[in-house]
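J.: Before I ask anything, let me first share the structure, which is written out below as structure tokens.
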Amino acid sequence: MRFEEFAAARLPALLRYAVLLSGDRESAGDLVQDVLTKALLKWRRIGALDEPYAYVRTMLTNEYLSFLRRRRVPTVPLGGNVPDTVAAAEPASGRPDEELWLLLGGLPRQQRAVIVLRYYEGLSDPEIAEVLKCRPTTVRAYASRALAALRVELKPSAVQPVEVR
Amino acid sequence: MRTIEDLQQSLAQRAGAAPDGTGMVERARDGAVRIRRRRRVLQGAATVVAVAVAAVTVPLALRQDTAPPAAEAPPFRDVTQLSLTTVPGSDFVVPWRQSVPGEESGLVSHRAELTAERPEELTVNQGAGFEVFDPGAYDPANLRAGTPVTVADRQAWYVPDLPIEEDMTPFDGVSAPAGSTGPALGWQETSGAWVLLFRRHLTASTRAELIEVARNVRIQDPLRQVAAPYRFGWLAPGLRVAGLQVRDLRQLSGAATVAYDYGDDRPAGRPAMIVYAGAAAGDRDWEMIDKELTTPRKAGGHDVWYLEEPNRALEPVDGGSIVVVDTGRCHIQLNIADRTRIPKQDAVRMAEELTATDCADVSTWMPLAG
């Protein structure tokens with residue numbers, strides 16, 4: 001697959017994923033731009049993969065979690081001053097999910113990534129573990145903590161099976 | 001309480017706020033061209049990222065599933081010493097590497113990857129991740145079960161599916177390494193150290209390319225002391241270098257991240273202090289950081305800020321602090337984990353008494369003391 005073909009098909013999805021991870025449009029754009037540049041540099045390899053999107057999504061996730069970028073701004077502060085967030089972009093919306101969105105922004109990055117991968121990207125815990133380079137049990141622990149923080153009630157049917165290695 | 005469905009609906013709706021991707025492909029291509037031409041590298045955030053790709057796509061640690069042998073072996077290298085280099089005249093370079101006690105890892109890339117305008121059209125060797133294990137730190141059983149290969153008079157083994165464990169955040173201790181498999185070539189040095197070259201994916205040319213990379217690398221003797229763009233005039237008592245990541249290739253803008261901790265072991269959790277140093281020019285974070293900083297204190301010819309509370313740009317860990325230093329050519333940041341162990345006066349003194357060179361020009365860097 002050519003890089004341009006990939007971008008045409010998958011760039012919107014990457015941007016949607018990035019905005020959920022980072023919590024604001026500007027950071028999402030930065031993240032995706034960085035990752036696209038990196039992906040282009042490696043495209044000879046990535047384009048030959050069966051699932052380039054999964055690979056680039058992992059790159060994006062790693063970039064979001066990256067050790068080298070840790071000093072970067074926490075994208076959605078817990079306090080009231082949230083000028084760069086999506087929520088702030090729609091300040092007077094009074095949206096019913098406003099509190100949920102702010103709680104999501106207050107999660108540690110790994111937990112937030114797990115939530116987005118699980119409930120937006122639809123990945124299983126073993127698949128998330130592959131993306132995050134951790135064990136499925138760690139994913140489950142992150143998800144459990146995050147859902148508690150988000151005050152989401154976990155119905156028995158919503159518990160996903162976890163492969164323990 | 002809310003339901004999973006509420007969460008899913010919220011995510012789906014919020015995803016709709018994603019920015020427009022118009023022009024991103026063109027900017028990515030432009031950025032890649034700039035990187036490869038080594039043009040304006042000091043301004044190129046994309047350049048930094050391009051090198052940092054090694055940090056996020058190459059395993060930071062690679063170990064066998066089995067436990068390392070218990071036998072103690074003589075020390076091979078200190079965490080501040082670098083062992084792997086390319087042979088004279090090689091077409092390969094090491095754009096990025098990391099060192100923690102017992103393990104040195106990084107990336108070996110073909111020089112053309114840095115200079116080609118359209119690397120996706122390159123047909124050169126795709127390089128390899130590398131790992132150098134101290135004697136006794138690696139169990140070679142799985143490797144030795146592979147196919148014997150002689151490379152540059154070295155007895156090596158090739159394994160198409162060597163168990164690999166990856167730890168993406170070795171200094172932070174926030175995630176457990178996860179296992180996977182990948183093609184690898186490895187051998188033991190006369191020092192007892194084990195060298196592994198590896199890829200994530202197996203292709204028809206992987207084995208031949210790993211062998212070619214192996215012919216182009218060697219363990220240098222003596223080992224090279226790692227250099228950094230700064231030197232502490234005073235370091236808080238008991239702190240030692242516990243790990244580091246450096247991009248010290250002359251063709252690219254340099255950057256160094258050094259973890260300091262107490263004792264000789266790899267930090268089990270967050271190290272006592274992590275120091276980031278990168279070129280001031282092209283620091284994409286700086287615009288946001290600068291807005292949040294108050295009047296600096298001047299010391300040693302540079303500006304210093306001390307923070308205990310988070311702002312919109314920087315967030316010390318709970319109970320920790322951050323010291324920001326702007327030397328004009330370098331932005332240096334000391335992230336301190338625990339203010340009770342490294343109080344404000346010590347943190348500020350370290351920043352005020354440090355000497356910095358030009359972060360962007362690796363030829364000016366100074367040996368990093370352990």
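Scheme for the structure tokens: letters A, B, ... for chains in order shown; per-chain residue numbers from 1; ligand numbers from 1 in order shown.
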Identify, on the basis of only C-alpha atoms, every residue whose closest approach to stretch 336-346 of chain B does not exceed 8 Å; exclude the query and any residue fewer than 5 positions from it along the same chain; express the result as an mmCIF file with C-alpha atoms, in the first residue's frame.
T.:
```
data_model
loop_
_atom_site.group_PDB
_atom_site.id
_atom_site.type_symbol
_atom_site.label_atom_id
_atom_site.label_comp_id
_atom_site.auth_asym_id
_atom_site.auth_seq_id
_atom_site.Cartn_x
_atom_site.Cartn_y
_atom_site.Cartn_z
ATOM 1 C CA ALA B 236 22.661 15.988 45.144
ATOM 2 C CA ARG B 270 10.425 6.179 39.001
ATOM 3 C CA PRO B 271 14.047 7.282 39.350
ATOM 4 C CA ALA B 272 14.952 10.067 41.742
ATOM 5 C CA MET B 273 15.632 12.496 38.916
ATOM 6 C CA ILE B 274 15.339 12.493 35.146
ATOM 7 C CA TYR B 306 11.700 25.978 39.971
ATOM 8 C CA PRO B 316 5.641 17.683 38.544
ATOM 9 C CA VAL B 317 4.736 14.283 39.931
ATOM 10 C CA ASP B 318 2.974 14.302 43.288
ATOM 11 C CA GLY B 319 5.511 15.358 45.894
ATOM 12 C CA GLY B 320 8.082 16.145 43.239
ATOM 13 C CA SER B 321 9.381 19.211 41.464
ATOM 14 C CA ILE B 322 10.658 20.389 38.103
#
```
J.: Taking only C-alpha atoms into account, name the residue in A:Gly29, A:Gly105, A:Pro126, A:Pro52 that is nearest to chain B.
T.: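 Looking at the shortest contact to chain B, the residue is A:Gly29.
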J.: Distance atom CA of B:Gly106-atom CA of B:Gln220, one decimal place?
T.: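 Separation of atom CA of B:Gly106 and atom CA of B:Gln220: 15.3 Å.
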J.: Using DSSP on the backbone coordinates, identify all residues within stretch 103-313 of chain B classified as helix (DSSP H, G or I); present the result as a list in words.
T.: Ala112, Glu113, Leu114, Thr115, Pro119, Glu120, Glu121, Ala141, Asn142, Leu143, Arg144, Thr206, Arg207, Ala208, Glu209, Leu210, Ile211, Glu212, Val213, Ala214, Arg215, Trp286, Glu287, Met288, Ile289, Asp290, Lys291 and Glu292 of chain B
J.: What's the 6 Å shell around stretch 95-102 of chain B, counting only C-alpha atoms, without same-chain residues fewer than 6 positions away, as a list in words?
T.: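 Listing them by chain and then by number gives Val79, Phe133, Asp134, Gly243, Leu244, Gln245, Val246, Arg247, Leu249 and Arg266 of chain B.
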